[in-house]
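Shown here: work_3.cif, mmCIF, C-alpha atoms and all ligand atoms.
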data_query
loop_
_atom_site.label_atom_id
_atom_site.label_comp_id
_atom_site.auth_asym_id
_atom_site.auth_seq_id
_atom_site.Cartn_x
_atom_site.Cartn_y
_atom_site.Cartn_z
CA MET A 102 78.15 -90.41 139.14
CA LYS A 103 81.01 -89.57 136.76
CA ASP A 104 80.04 -88.08 133.41
CA ALA A 105 81.94 -90.82 131.59
CA ASN A 106 79.91 -93.48 133.39
CA ILE A 107 76.66 -91.74 132.56
CA GLU A 108 77.69 -91.74 128.92
CA LYS A 109 78.75 -95.36 129.02
CA ALA A 110 75.47 -96.43 130.60
CA TYR A 111 73.61 -94.42 127.99
CA GLU A 112 75.47 -96.11 125.11
CA ILE A 113 74.49 -99.51 126.45
CA ALA A 114 70.90 -98.37 126.98
CA LEU A 115 70.77 -97.10 123.41
CA GLN A 116 71.69 -100.56 122.11
CA GLN A 117 69.24 -102.30 124.40
CA TYR A 118 66.37 -100.10 123.32
CA LYS A 119 67.41 -100.52 119.69
CA SER A 120 67.11 -104.28 120.10
CA ILE A 121 63.41 -103.91 120.93
CA GLY A 122 62.81 -101.42 118.15
CA VAL A 123 63.03 -98.14 120.07
CA ASP A 124 65.01 -95.18 118.76
CA VAL A 125 66.22 -93.42 121.89
CA GLU A 126 67.53 -90.35 120.14
CA SER A 127 64.23 -89.49 118.52
CA ALA A 128 62.44 -90.17 121.81
CA VAL A 129 64.66 -87.66 123.60
CA LYS A 130 64.26 -85.17 120.77
CA ALA A 131 60.48 -85.42 121.08
CA LEU A 132 60.67 -85.08 124.87
CA LYS A 133 62.58 -81.79 124.61
CA GLU A 134 59.73 -80.26 122.65
CA ILE A 135 56.97 -80.98 125.19
CA PRO A 136 56.40 -77.95 127.38
CA ILE A 137 55.29 -78.38 130.97
CA SER A 138 53.36 -75.57 132.57
CA LEU A 139 54.76 -75.03 136.06
CA HIS A 140 52.15 -73.87 138.53
CA CYS A 141 53.31 -70.82 140.45
CA TRP A 142 51.19 -71.71 143.50
CA GLN A 143 53.46 -74.47 144.81
CA GLY A 144 55.80 -71.68 145.93
CA ASP A 145 53.47 -70.02 148.43
CA ASP A 146 50.70 -72.52 149.23
CA VAL A 147 48.20 -70.79 146.89
CA ASN A 148 48.30 -67.60 148.94
CA GLY A 149 48.89 -64.94 146.33
CA PHE A 150 49.75 -61.39 147.28
CA GLU A 151 46.37 -59.90 148.04
CA ASN A 152 46.29 -60.60 151.75
CA SER A 153 42.52 -60.86 151.72
CA GLY A 154 40.28 -63.76 152.47
CA ASN A 155 41.76 -67.16 153.07
CA LEU A 156 42.28 -70.26 151.05
CA SER A 157 39.68 -72.39 152.78
CA ASP A 158 36.96 -70.19 151.26
CA GLY A 159 37.73 -71.93 148.06
CA GLY A 160 37.44 -75.57 148.97
CA ILE A 161 41.14 -76.19 148.46
CA MET A 162 43.72 -76.45 151.19
CA ALA A 163 47.49 -76.61 151.53
CA THR A 164 48.66 -78.31 154.70
CA GLY A 165 52.01 -78.14 156.44
CA GLY A 166 54.06 -75.32 157.87
CA TYR A 167 57.45 -75.75 156.25
CA PRO A 168 59.36 -72.50 156.56
CA GLY A 169 60.53 -70.33 153.67
CA LYS A 170 57.52 -69.79 151.47
CA ALA A 171 57.62 -66.93 148.98
CA ARG A 172 56.05 -63.77 150.42
CA ASN A 173 56.04 -61.61 147.34
CA ALA A 174 56.41 -61.84 143.57
CA ASP A 175 60.16 -61.24 143.59
CA GLU A 176 60.71 -64.12 146.00
CA LEU A 177 58.39 -66.33 144.01
CA ARG A 178 60.18 -65.53 140.76
CA SER A 179 63.52 -66.22 142.38
CA ASP A 180 62.22 -69.60 143.63
CA ILE A 181 60.87 -70.49 140.20
CA GLU A 182 64.19 -69.53 138.61
CA LYS A 183 66.01 -71.78 141.06
CA THR A 184 63.57 -74.60 140.34
CA MET A 185 64.05 -74.30 136.60
CA THR A 186 67.81 -74.65 136.90
CA LEU A 187 67.16 -78.14 138.24
CA LEU A 188 64.80 -79.27 135.48
CA PRO A 189 65.57 -80.43 131.95
CA GLY A 190 63.32 -79.28 129.12
CA LYS A 191 60.93 -76.56 128.11
CA PHE A 192 58.58 -74.73 130.46
CA ARG A 193 55.69 -72.35 130.77
CA LEU A 194 54.49 -70.68 133.93
CA ASN A 195 50.92 -70.91 135.13
CA LEU A 196 49.75 -67.86 137.10
CA HIS A 197 46.61 -67.11 139.08
CA ALA A 198 44.92 -63.71 139.29
CA ILE A 199 45.86 -63.47 142.99
CA TYR A 200 49.50 -63.12 141.90
CA ALA A 201 48.86 -59.66 140.46
CA GLU A 202 51.35 -56.94 141.31
CA THR A 203 49.48 -53.78 142.19
CA ASN A 204 52.20 -51.72 143.86
CA GLY A 205 50.53 -51.95 147.23
CA ARG A 206 47.28 -50.58 145.84
CA LYS A 207 44.08 -52.51 146.42
CA VAL A 208 42.71 -53.49 143.04
CA GLU A 209 39.47 -55.44 143.05
CA ARG A 210 39.51 -58.66 141.09
CA ASN A 211 37.00 -57.37 138.58
CA GLU A 212 39.32 -54.46 137.89
CA LEU A 213 42.49 -56.42 137.27
CA ALA A 214 44.16 -55.61 133.96
CA PRO A 215 47.24 -56.60 131.95
CA GLU A 216 49.26 -53.82 133.59
CA HIS A 217 49.10 -55.72 136.88
CA PHE A 218 50.98 -58.57 135.26
CA GLU A 219 53.53 -56.50 133.38
CA LYS A 220 56.41 -57.55 135.58
CA TRP A 221 55.49 -61.21 135.19
CA ILE A 222 55.25 -60.81 131.41
CA HIS A 223 58.59 -59.02 131.23
CA TRP A 224 60.21 -61.67 133.39
CA ALA A 225 58.66 -64.49 131.34
CA LYS A 226 60.00 -62.95 128.16
CA GLY A 227 63.49 -62.81 129.64
CA HIS A 228 63.31 -66.49 130.50
CA LYS A 229 61.66 -67.49 127.21
CA LEU A 230 58.64 -68.81 129.08
CA GLY A 231 55.07 -68.89 127.85
CA LEU A 232 52.45 -67.92 130.41
CA ASP A 233 49.15 -69.55 131.30
CA PHE A 234 46.54 -67.96 133.50
CA ASN A 235 43.63 -68.53 135.88
CA PRO A 236 40.95 -66.26 137.27
CA SER A 237 40.85 -66.77 141.07
CA PHE A 238 37.31 -67.50 142.18
CA PHE A 239 38.27 -68.22 145.80
CA ALA A 240 39.89 -66.74 148.91
CA HIS A 241 37.72 -63.65 148.70
CA PRO A 242 34.82 -62.24 150.75
CA LYS A 243 32.59 -62.52 147.70
CA ALA A 244 33.31 -66.25 147.57
CA ALA A 245 32.61 -66.82 151.26
CA SER A 246 29.12 -68.20 150.64
CA GLY A 247 30.66 -70.98 148.58
CA PHE A 248 29.16 -69.63 145.36
CA THR A 249 30.68 -67.45 142.66
CA LEU A 250 29.63 -67.83 139.02
CA ALA A 251 26.67 -69.96 140.08
CA SER A 252 25.57 -67.64 142.86
CA GLY A 253 21.89 -66.86 143.25
CA ASP A 254 22.87 -63.34 144.26
CA ASN A 255 23.06 -61.37 141.05
CA SER A 256 25.51 -58.78 142.33
CA ILE A 257 27.94 -61.51 143.39
CA ARG A 258 27.53 -63.33 140.14
CA LYS A 259 28.10 -60.12 138.20
CA PHE A 260 31.31 -59.42 140.11
CA TRP A 261 32.73 -62.82 139.25
CA ILE A 262 31.63 -62.61 135.63
CA GLU A 263 33.55 -59.34 135.41
CA HIS A 264 36.55 -61.05 136.98
CA GLY A 265 36.36 -63.78 134.34
CA ILE A 266 36.18 -61.24 131.53
CA ALA A 267 39.09 -59.24 132.99
CA CYS A 268 41.20 -62.39 133.23
CA ARG A 269 40.67 -63.37 129.61
CA LYS A 270 41.97 -59.93 128.61
CA ILE A 271 45.01 -60.48 130.80
CA GLY A 272 45.55 -63.92 129.27
CA GLU A 273 45.27 -62.47 125.79
CA ALA A 274 47.82 -59.76 126.63
CA MET A 275 50.19 -62.44 127.92
CA GLY A 276 49.74 -64.48 124.74
CA ARG A 277 50.32 -61.48 122.47
CA ALA A 278 53.37 -60.30 124.38
CA LEU A 279 54.99 -63.71 124.44
CA GLY A 280 53.86 -64.99 121.05
CA THR A 281 52.40 -68.20 122.43
CA ALA A 282 48.76 -68.84 123.27
CA CYS A 283 47.96 -68.42 126.95
CA VAL A 284 45.55 -71.04 128.29
CA THR A 285 43.22 -69.37 130.76
CA ASN A 286 41.49 -71.94 132.92
CA VAL A 287 38.21 -71.42 134.75
CA TRP A 288 37.77 -73.36 137.95
CA ILE A 289 35.16 -72.36 140.52
CA PRO A 290 34.52 -73.92 143.93
CA ASP A 291 30.73 -73.58 143.82
CA GLY A 292 28.78 -76.31 145.53
CA TYR A 293 26.99 -77.53 148.64
CA LYS A 294 28.24 -79.32 151.72
CA ASP A 295 24.95 -81.13 152.09
CA VAL A 296 22.44 -82.61 149.71
CA PRO A 297 20.76 -79.88 147.72
CA VAL A 298 17.18 -79.86 146.60
CA ASP A 299 17.80 -77.96 143.43
CA ARG A 300 20.69 -79.24 141.36
CA LYS A 301 19.45 -77.52 138.26
CA ALA A 302 19.28 -73.77 138.92
CA PRO A 303 22.95 -73.28 139.92
CA ARG A 304 24.01 -75.10 136.76
CA GLU A 305 21.79 -72.93 134.62
CA ARG A 306 23.31 -69.87 136.25
CA LEU A 307 26.83 -71.19 135.72
CA LYS A 308 26.10 -71.84 132.06
CA ASP A 309 24.82 -68.30 131.67
CA SER A 310 27.83 -66.84 133.50
CA LEU A 311 30.24 -68.73 131.28
CA ASP A 312 28.42 -67.59 128.17
CA LYS A 313 28.84 -64.01 129.34
CA ILE A 314 32.52 -64.46 130.18
CA PHE A 315 33.26 -66.06 126.82
CA ALA A 316 31.00 -63.75 124.79
CA GLN A 317 33.88 -62.01 123.10
CA ALA A 318 35.92 -64.18 120.75
CA ILE A 319 39.69 -63.97 121.17
CA ASP A 320 42.25 -64.95 118.54
CA SER A 321 43.29 -68.52 119.35
CA ARG A 322 46.88 -67.74 118.40
CA TYR A 323 47.09 -65.76 121.61
CA HIS A 324 44.51 -67.16 123.95
CA LEU A 325 42.63 -70.37 124.69
CA ASP A 326 39.85 -70.97 127.23
CA ALA A 327 39.71 -74.05 129.42
CA VAL A 328 37.10 -75.21 131.94
CA GLU A 329 37.86 -77.48 134.90
CA CYS A 330 35.37 -79.78 136.54
CA LYS A 331 35.40 -81.26 140.00
CA LEU A 332 33.49 -83.94 141.84
CA PHE A 333 33.73 -82.71 145.41
CA GLY A 334 35.68 -80.29 147.57
CA ILE A 335 36.02 -79.19 151.17
CA GLY A 336 32.60 -77.76 151.93
CA SER A 337 31.16 -78.99 148.65
CA GLU A 338 31.09 -82.69 149.40
CA SER A 339 27.54 -83.35 148.24
CA TYR A 340 27.24 -81.25 145.14
CA VAL A 341 29.57 -79.41 142.82
CA VAL A 342 27.92 -77.21 140.23
CA GLY A 343 30.71 -77.58 137.68
CA SER A 344 30.69 -81.36 137.41
CA HIS A 345 32.39 -83.44 134.73
CA GLU A 346 29.24 -83.85 132.65
CA PHE A 347 28.55 -80.15 132.93
CA TYR A 348 31.92 -79.03 131.61
CA MET A 349 32.32 -81.84 129.12
CA GLY A 350 29.05 -80.69 127.62
CA TYR A 351 30.01 -77.06 127.82
CA ALA A 352 33.42 -77.59 126.24
CA VAL A 353 32.08 -79.70 123.39
CA LYS A 354 29.27 -77.33 122.61
CA ASN A 355 31.33 -74.16 122.84
CA ASN A 356 34.64 -75.39 121.50
CA LYS A 357 36.56 -74.87 124.74
CA LEU A 358 39.44 -76.84 126.18
CA LEU A 359 38.44 -79.38 128.78
CA CYS A 360 40.69 -79.41 131.83
CA LEU A 361 41.14 -82.79 133.47
CA ASP A 362 42.56 -82.61 136.99
CA ALA A 363 43.80 -85.97 138.28
CA GLY A 364 42.28 -85.29 141.71
CA HIS A 365 38.81 -84.33 140.60
CA PHE A 366 37.11 -87.66 140.15
CA HIS A 367 36.04 -90.63 142.21
CA PRO A 368 39.12 -92.03 143.96
CA THR A 369 39.26 -95.10 141.71
CA GLU A 370 38.60 -93.16 138.53
CA VAL A 371 41.61 -92.12 136.47
CA ILE A 372 42.13 -89.33 133.96
CA SER A 373 44.45 -91.45 131.82
CA ASP A 374 41.33 -93.19 130.55
CA LYS A 375 39.56 -89.91 129.84
CA ILE A 376 42.15 -88.35 127.52
CA SER A 377 41.21 -90.27 124.37
CA SER A 378 37.49 -89.88 125.10
CA ALA A 379 37.68 -86.14 125.61
CA LEU A 380 39.88 -85.67 122.56
CA ALA A 381 37.34 -87.47 120.42
CA PHE A 382 35.09 -84.46 121.00
CA VAL A 383 37.20 -81.41 121.86
CA ASP A 384 40.18 -80.06 119.90
CA GLU A 385 42.50 -79.69 122.86
CA ILE A 386 42.66 -80.50 126.54
CA LEU A 387 44.44 -79.10 129.54
CA LEU A 388 45.74 -81.44 132.20
CA HIS A 389 46.16 -80.61 135.85
CA VAL A 390 48.56 -83.32 136.82
CA SER A 391 48.18 -83.94 140.51
CA ARG A 392 48.22 -86.82 143.01
CA PRO A 393 45.09 -87.43 145.01
CA VAL A 394 45.58 -89.47 148.18
CA ARG A 395 42.09 -90.70 149.12
CA TRP A 396 40.71 -87.30 148.11
CA ASP A 397 41.73 -84.24 146.10
CA SER A 398 44.74 -83.77 148.35
CA ASP A 399 47.09 -82.29 145.75
CA HIS A 400 50.11 -84.30 146.88
CA VAL A 401 53.36 -83.89 144.98
CA VAL A 402 53.27 -85.92 141.80
CA ILE A 403 55.34 -89.11 141.90
CA LEU A 404 56.25 -91.59 139.19
CA SER A 405 53.14 -93.65 139.78
CA GLU A 406 51.47 -96.11 137.47
CA GLU A 407 48.78 -93.52 136.76
CA LEU A 408 51.30 -90.80 135.93
CA ILE A 409 52.94 -93.14 133.44
CA ALA A 410 49.52 -94.09 132.07
CA ILE A 411 48.71 -90.41 131.52
CA ALA A 412 51.97 -89.93 129.62
CA GLN A 413 51.39 -93.11 127.61
CA GLN A 414 47.95 -91.97 126.54
CA ILE A 415 49.31 -88.61 125.38
CA VAL A 416 52.15 -90.21 123.45
CA ARG A 417 50.37 -93.27 122.06
CA GLY A 418 47.39 -91.24 120.97
CA GLY A 419 49.58 -88.77 119.10
CA PHE A 420 48.05 -86.12 121.36
CA VAL A 421 51.21 -84.21 122.29
CA LYS A 422 50.18 -81.10 120.33
CA ARG A 423 46.59 -81.20 121.56
CA THR A 424 47.37 -81.64 125.24
CA HIS A 425 48.54 -78.80 127.45
CA ILE A 426 50.32 -80.32 130.40
CA GLY A 427 49.91 -78.32 133.58
CA LEU A 428 50.81 -79.30 137.11
CA ASP A 429 48.57 -78.78 140.10
CA PHE A 430 49.90 -79.78 143.50
CA PHE A 431 50.82 -77.85 146.60
CA ASP A 432 52.60 -79.38 149.53
CA ALA A 433 53.54 -77.07 152.40
CA SER A 434 55.06 -79.82 154.53
CA ILE A 435 58.35 -80.14 152.65
CA ASN A 436 60.77 -77.75 150.99
CA ARG A 437 58.64 -76.12 148.29
CA ILE A 438 61.38 -75.97 145.67
CA ALA A 439 62.01 -79.67 146.23
CA ALA A 440 58.29 -80.30 145.82
CA TRP A 441 58.32 -78.54 142.46
CA VAL A 442 61.46 -80.35 141.34
CA ILE A 443 60.26 -83.80 142.38
CA GLY A 444 56.82 -83.43 140.84
CA THR A 445 58.01 -81.85 137.60
CA ARG A 446 60.87 -84.27 137.13
CA CYS A 447 58.40 -87.12 137.58
CA MET A 448 56.14 -85.68 134.88
CA ILE A 449 59.09 -85.47 132.50
CA LYS A 450 60.27 -88.96 133.46
CA ALA A 451 56.81 -90.34 132.76
CA LEU A 452 56.84 -88.75 129.30
CA LEU A 453 60.28 -90.17 128.63
CA PHE A 454 59.14 -93.61 129.75
CA ALA A 455 56.17 -93.38 127.42
CA LEU A 456 58.35 -92.27 124.52
CA LEU A 457 60.77 -95.18 125.06
CA GLU A 458 58.31 -97.81 123.94
CA PRO A 459 57.88 -99.73 120.69
CA THR A 460 54.39 -98.32 120.32
CA LYS A 461 53.88 -99.42 116.72
CA GLN A 462 54.80 -103.02 117.48
CA LEU A 463 52.56 -103.04 120.54
CA GLN A 464 49.64 -101.61 118.60
CA GLN A 465 50.19 -104.11 115.79
CA ALA A 466 50.26 -106.99 118.26
CA GLU A 467 47.04 -105.74 119.79
CA ALA A 468 45.40 -105.42 116.38
CA ASP A 469 46.54 -108.95 115.53
CA GLY A 470 45.13 -110.28 118.76
CA ASP A 471 48.58 -111.15 120.09
CA PHE A 472 47.85 -110.22 123.66
CA THR A 473 50.65 -112.47 124.87
CA TYR A 474 53.29 -110.27 123.25
CA ARG A 475 51.48 -107.18 124.47
CA LEU A 476 51.61 -108.23 128.10
CA ALA A 477 55.12 -109.65 127.87
CA MET A 478 56.56 -106.50 126.26
CA LEU A 479 54.74 -104.09 128.56
CA GLU A 480 56.32 -105.89 131.51
CA GLU A 481 59.77 -106.05 129.88
CA LEU A 482 59.65 -102.29 129.32
CA LYS A 483 59.54 -101.74 133.07
CA MET A 484 62.97 -103.36 133.35
CA MET A 485 64.63 -101.47 130.51
CA PRO A 486 67.49 -99.05 131.36
CA PHE A 487 65.25 -96.04 131.27
CA ALA A 488 67.16 -94.38 134.13
CA ALA A 489 70.35 -94.33 132.03
CA VAL A 490 68.55 -92.33 129.34
CA TRP A 491 67.10 -89.97 131.94
CA ASP A 492 70.50 -89.35 133.54
CA TYR A 493 72.06 -88.69 130.16
CA TYR A 494 69.23 -86.30 129.26
CA CYS A 495 69.82 -84.36 132.50
CA LEU A 496 73.57 -84.29 131.88
CA LYS A 497 73.18 -82.99 128.33
CA SER A 498 70.60 -80.44 129.48
CA GLY A 499 73.07 -79.06 132.00
CA VAL A 500 70.97 -79.89 135.06
CA PRO A 501 71.94 -82.03 138.04
CA VAL A 502 71.96 -85.80 137.52
CA GLY A 503 70.30 -88.08 140.06
CA ILE A 504 69.58 -86.74 143.51
CA SER A 505 72.42 -84.19 143.31
CA TRP A 506 69.74 -81.54 142.64
CA LEU A 507 68.85 -81.81 146.32
CA GLU A 508 72.23 -80.37 147.34
CA GLU A 509 71.39 -77.29 145.30
CA VAL A 510 68.03 -76.99 147.02
CA ARG A 511 69.64 -77.36 150.43
CA ARG A 512 72.15 -74.64 149.58
CA TYR A 513 69.34 -72.35 148.44
CA GLU A 514 67.41 -73.14 151.58
CA LYS A 515 70.37 -72.16 153.71
CA THR A 516 71.24 -68.99 151.86
CA VAL A 517 67.81 -67.76 150.80
CA LEU A 518 64.74 -69.55 152.20
CA SER A 519 65.86 -69.70 155.82
CA LYS A 520 66.28 -65.92 155.84
CA ARG A 521 62.58 -65.33 155.15
C1 LIG A 601 41.04 -76.85 142.70
C2 LIG A 601 41.51 -76.91 141.29
C3 LIG A 601 42.26 -75.72 140.80
C4 LIG A 601 43.28 -75.18 141.78
C5 LIG A 601 44.26 -74.20 141.22
C6 LIG A 601 44.91 -73.38 142.26
O1 LIG A 601 40.48 -78.01 143.13
O2 LIG A 601 42.27 -78.06 141.09
O3 LIG A 601 42.84 -76.00 139.58
O4 LIG A 601 43.99 -76.19 142.40
O5 LIG A 601 43.69 -73.46 140.22
ZN ZN A 602 43.24 -78.22 139.18
#
Now, as a test, write the supplied structure out as structure tokens.
Amino acid sequence: MKDANIEKAYEIALQQYKSIGVDVESAVKALKEIPISLHCWQGDDVNGFENSGNLSDGGIMATGGYPGKARNADELRSDIEKTMTLLPGKFRLNLHAIYAETNGRKVERNELAPEHFEKWIHWAKGHKLGLDFNPSFFAHPKAASGFTLASGDNSIRKFWIEHGIACRKIGEAMGRALGTACVTNVWIPDGYKDVPVDRKAPRERLKDSLDKIFAQAIDSRYHLDAVECKLFGIGSESYVVGSHEFYMGYAVKNNKLLCLDAGHFHPTEVISDKISSALAFVDEILLHVSRPVRWDSDHVVILSEELIAIAQQIVRGGFVKRTHIGLDFFDASINRIAAWVIGTRCMIKALLFALLEPTKQLQQAEADGDFTYRLAMLEELKMMPFAAVWDYYCLKSGVPVGISWLEEVRRYEKTVLSKR
């Protein structure tokens, strides 16, 4: 599309939105300020650079054999750089402990330190990115039993507690170096394939492990802790130690961030409805925006009704500052850069859609009992020229408009990915 046409369409859209009481310019201004935390693991199918263990130890699985995945940190950084040139807005990068750079030396997970992330920190600084972090409690011989922080084996449990403590120090170092709080998120795979007899003891052990990991307070200007629940996983279908109730309780009691992953609940349960509940009791939340297809399949995020509902709840609730938006999907069956671009663009589109709404009028109508207006306007909004605003936003941000980003990805695939 010609730039002039994009601008023309935008001018018309501006008027149309104005006629229903929406100020497009302030919506776009607000959108620009919402950071999205890109997950590094879309680039290499959650492999990391350790070459030990395998992913299925951890109850998560990337499927598909599309060629060209990143094999080392330099390739991953180059892929992320490429991805970011195709996205409008502000970003952070979310790293896992398995992405440490140890110069070919084997460093055990409980011995990881900030120095092993120096290159990432330096690179993030150069790109004005904040970093977020995750201990990796999977893909490791000591996770092979399916238990880590909730393990009944004290030496295993101790190892993983030490890993958790080491990772918080790394997160803090990232936050200090970059001047923006690093959110370090604890997710563990612990659970049973079949019905357990004792549901209590592993939870007591997990609670104790978390208390030990979080024992030392860290300045919240540099570091924040989050905990992520799950309902079931591969190999933990019948029982997951870190359930929703468990972590909701833990987060409330210990003033931690609650992480809500869109794929971690019953298939008909949605996280959009949980945001305002969780935020009634915890200061901040972390989202793992994902797309479950029948199970926690981590499909690439699309502009679904639920994605829009998530964005609407963040915006309508005035929760932008209290919600850390992270992505969590990994598709190895399509071009991985394209997967990142599609999913992230959809997250941003959903936020834009949510911002382009006459929220005050809708809330007033609801308060007045005018549910007719509410339904009528919500449906009208779906037909508003939202795409014209999106295109204009991309144009002004200097990133490709429409599907033209795909040409860039194809070029990169030809010149870079296909050579791997
Ligand atoms: C797994 C969790 C977890 C991971 C990433 C890699 O079910 O969603 O967040 O996907 O940390
Ligand atoms: Zn997750």
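Excluding Leu196 in chain A and any residue on its chain fewer than 4 positions from it, the residues at most 7 Å away by all atoms listed in the file are A:His140, A:Cys141, A:Tyr200, A:Asp233, A:Phe234, A:Asn235.
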Just to be explicit: take each residue in the selection above, keep C-alpha atoms, and write the result as a JSON list (two decimals), in the frame of the given file.
[["chain", "number", "residue", "atom", "x", "y", "z"],
["A", 140, "HIS", "CA", 52.15, -73.87, 138.53],
["A", 141, "CYS", "CA", 53.31, -70.82, 140.45],
["A", 200, "TYR", "CA", 49.50, -63.12, 141.90],
["A", 233, "ASP", "CA", 49.15, -69.55, 131.30],
["A", 234, "PHE", "CA", 46.54, -67.96, 133.50],
["A", 235, "ASN", "CA", 43.63, -68.53, 135.88]]
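Between CA of Asp471 in chain A and CA of Ala128 in chain A there is a distance of 25.2 Å.
Each of A:Ala110, A:Leu496, A:Val123, A:Ile435 was checked against Lys461 in chain A using only C-alpha atoms; the smallest atom-to-atom distance is that of A:Val123.
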**Surrounding residues of Gln462 in chain A excluding itself and chain neighbours under 2 positions, 10 Å, all atoms listed in the file, as a PyMOL selection string** = chain A and resi 121-123+458-460+464-468+474-475+478
**Request:** Write out as a ChimeraX atom specification each polymer residue whose atoms come within 8 Å of Leu358 in chain A, counting only C-alpha atoms; drop sequence neighbours fewer than 6 positions from it.
**Result:** /A:325-328,352,383-387
**Near-ligand residues for ligand LIG 601 (chain A), threshold 6 Å, all atoms listed in the file, as an MDAnalysis selection string** = chainID A and resid 161 288 429
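In this model, the gap between CA of Ile135 in chain A and CA of Val416 in chain A comes to 10.6 Å.
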Give me, as a Markdown table, the closest atom pair and its distance (Å, one decimal) for every residue of chain A within a cut-off of 9 Å of ligand ZN 602 (chain A), counting only C-alpha atoms and all ligand atoms, rows sorted by chain and rising number.
| residue | atom | partner | partner_atom | distance |
| --- | --- | --- | --- | --- |
| A:Trp288 | CA | A:ZN602 | ZN | 7.4 |
| A:Glu329 | CA | A:ZN602 | ZN | 6.9 |
| A:Cys330 | CA | A:ZN602 | ZN | 8.4 |
| A:Lys331 | CA | A:ZN602 | ZN | 8.4 |
| A:Cys360 | CA | A:ZN602 | ZN | 7.9 |
| A:Leu361 | CA | A:ZN602 | ZN | 7.6 |
| A:Asp362 | CA | A:ZN602 | ZN | 5.0 |
| A:Ala363 | CA | A:ZN602 | ZN | 7.8 |
| A:Gly364 | CA | A:ZN602 | ZN | 7.6 |
| A:His365 | CA | A:ZN602 | ZN | 7.7 |
| A:Leu388 | CA | A:ZN602 | ZN | 8.1 |
| A:His389 | CA | A:ZN602 | ZN | 5.0 |
| A:Val390 | CA | A:ZN602 | ZN | 7.7 |
| A:Ser391 | CA | A:ZN602 | ZN | 7.7 |
| A:Asp399 | CA | A:ZN602 | ZN | 8.6 |
| A:Gly427 | CA | A:ZN602 | ZN | 8.7 |
| A:Leu428 | CA | A:ZN602 | ZN | 7.9 |
| A:Asp429 | CA | A:ZN602 | ZN | 5.4 |
| A:Phe430 | CA | A:ZN602 | ZN | 8.1 |
**Item:** Using all atoms listed in the file: which of A:Ser179, A:Leu311, A:Leu380, A:Glu480 has the shortest distance to Trp221 in chain A
**Value:** A:Ser179
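Proximity ranking of A:Ile438, A:Leu476, A:Lys354, A:Ala381 relative to Glu508 in chain A places A:Ile438 first, based on all atoms listed in the file.
The residue set within 8 Å of Gly144 in chain A, counting all atoms listed in the file and dropping same-chain residues fewer than 6 places from it, reads Lys170, Ala171, Leu177, Asp180, Ile181, Phe431, Arg437 and Ile438 of chain A.
Coordinates place CA of Lys520 in chain A at a distance of 19.3 Å from CA of Ala440 in chain A.
Shell of range 375-377 of chain A at 8 Å, with only C-alpha atoms counted and residues fewer than 5 places along the chain excluded, is Ile386, Ile411, Gln414, Ile415 and Gly418 of chain A.
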**Prompt:** Between A:Ala225, A:Met185, A:Val353, A:Val296, which has the minimum distance to Gly336 in chain A (counting all atoms listed in the file)?
**Reply:** A:Val296
**Which residue of A:Arg304, A:Arg512, A:Lys226, A:Arg423 approaches Glu346 in chain A most closely, using only C-alpha atoms** = A:Arg304
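Here the question is which of A:Glu514, A:Asp432, A:Glu108, A:Asp492 gets nearest to Trp142 in chain A using all atoms listed in the file, and that residue is A:Asp432.
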Any chance you could model N, CA and C atoms for range 172-181 of chain A and send them as a PDB file, in the frame of the given file?
ATOM      1  N   ARG A 172      56.995 -64.741 149.839  1.00  0.00           N
ATOM      2  CA  ARG A 172      56.050 -63.770 150.420  1.00  0.00           C
ATOM      3  C   ARG A 172      55.675 -62.673 149.440  1.00  0.00           C
ATOM      4  N   ASN A 173      56.372 -62.615 148.352  1.00  0.00           N
ATOM      5  CA  ASN A 173      56.040 -61.610 147.340  1.00  0.00           C
ATOM      6  C   ASN A 173      56.486 -62.125 145.972  1.00  0.00           C
ATOM      7  N   ALA A 174      56.162 -61.364 144.934  1.00  0.00           N
ATOM      8  CA  ALA A 174      56.410 -61.840 143.570  1.00  0.00           C
ATOM      9  C   ALA A 174      57.903 -62.000 143.287  1.00  0.00           C
ATOM     10  N   ASP A 175      58.723 -61.118 143.850  1.00  0.00           N
ATOM     11  CA  ASP A 175      60.160 -61.240 143.590  1.00  0.00           C
ATOM     12  C   ASP A 175      60.703 -62.541 144.170  1.00  0.00           C
ATOM     13  N   GLU A 176      60.255 -62.863 145.393  1.00  0.00           N
ATOM     14  CA  GLU A 176      60.710 -64.120 146.000  1.00  0.00           C
ATOM     15  C   GLU A 176      60.196 -65.319 145.203  1.00  0.00           C
ATOM     16  N   LEU A 177      58.961 -65.212 144.765  1.00  0.00           N
ATOM     17  CA  LEU A 177      58.390 -66.330 144.010  1.00  0.00           C
ATOM     18  C   LEU A 177      59.141 -66.527 142.695  1.00  0.00           C
ATOM     19  N   ARG A 178      59.441 -65.428 142.023  1.00  0.00           N
ATOM     20  CA  ARG A 178      60.180 -65.530 140.760  1.00  0.00           C
ATOM     21  C   ARG A 178      61.571 -66.113 141.003  1.00  0.00           C
ATOM     22  N   SER A 179      62.190 -65.691 142.082  1.00  0.00           N
ATOM     23  CA  SER A 179      63.520 -66.220 142.380  1.00  0.00           C
ATOM     24  C   SER A 179      63.438 -67.733 142.650  1.00  0.00           C
ATOM     25  N   ASP A 180      62.398 -68.166 143.351  1.00  0.00           N
ATOM     26  CA  ASP A 180      62.220 -69.600 143.630  1.00  0.00           C
ATOM     27  C   ASP A 180      61.964 -70.393 142.340  1.00  0.00           C
ATOM     28  N   ILE A 181      61.176 -69.799 141.465  1.00  0.00           N
ATOM     29  CA  ILE A 181      60.870 -70.490 140.200  1.00  0.00           C
ATOM     30  C   ILE A 181      62.143 -70.580 139.341  1.00  0.00           C
TER      31      ILE A 181
END
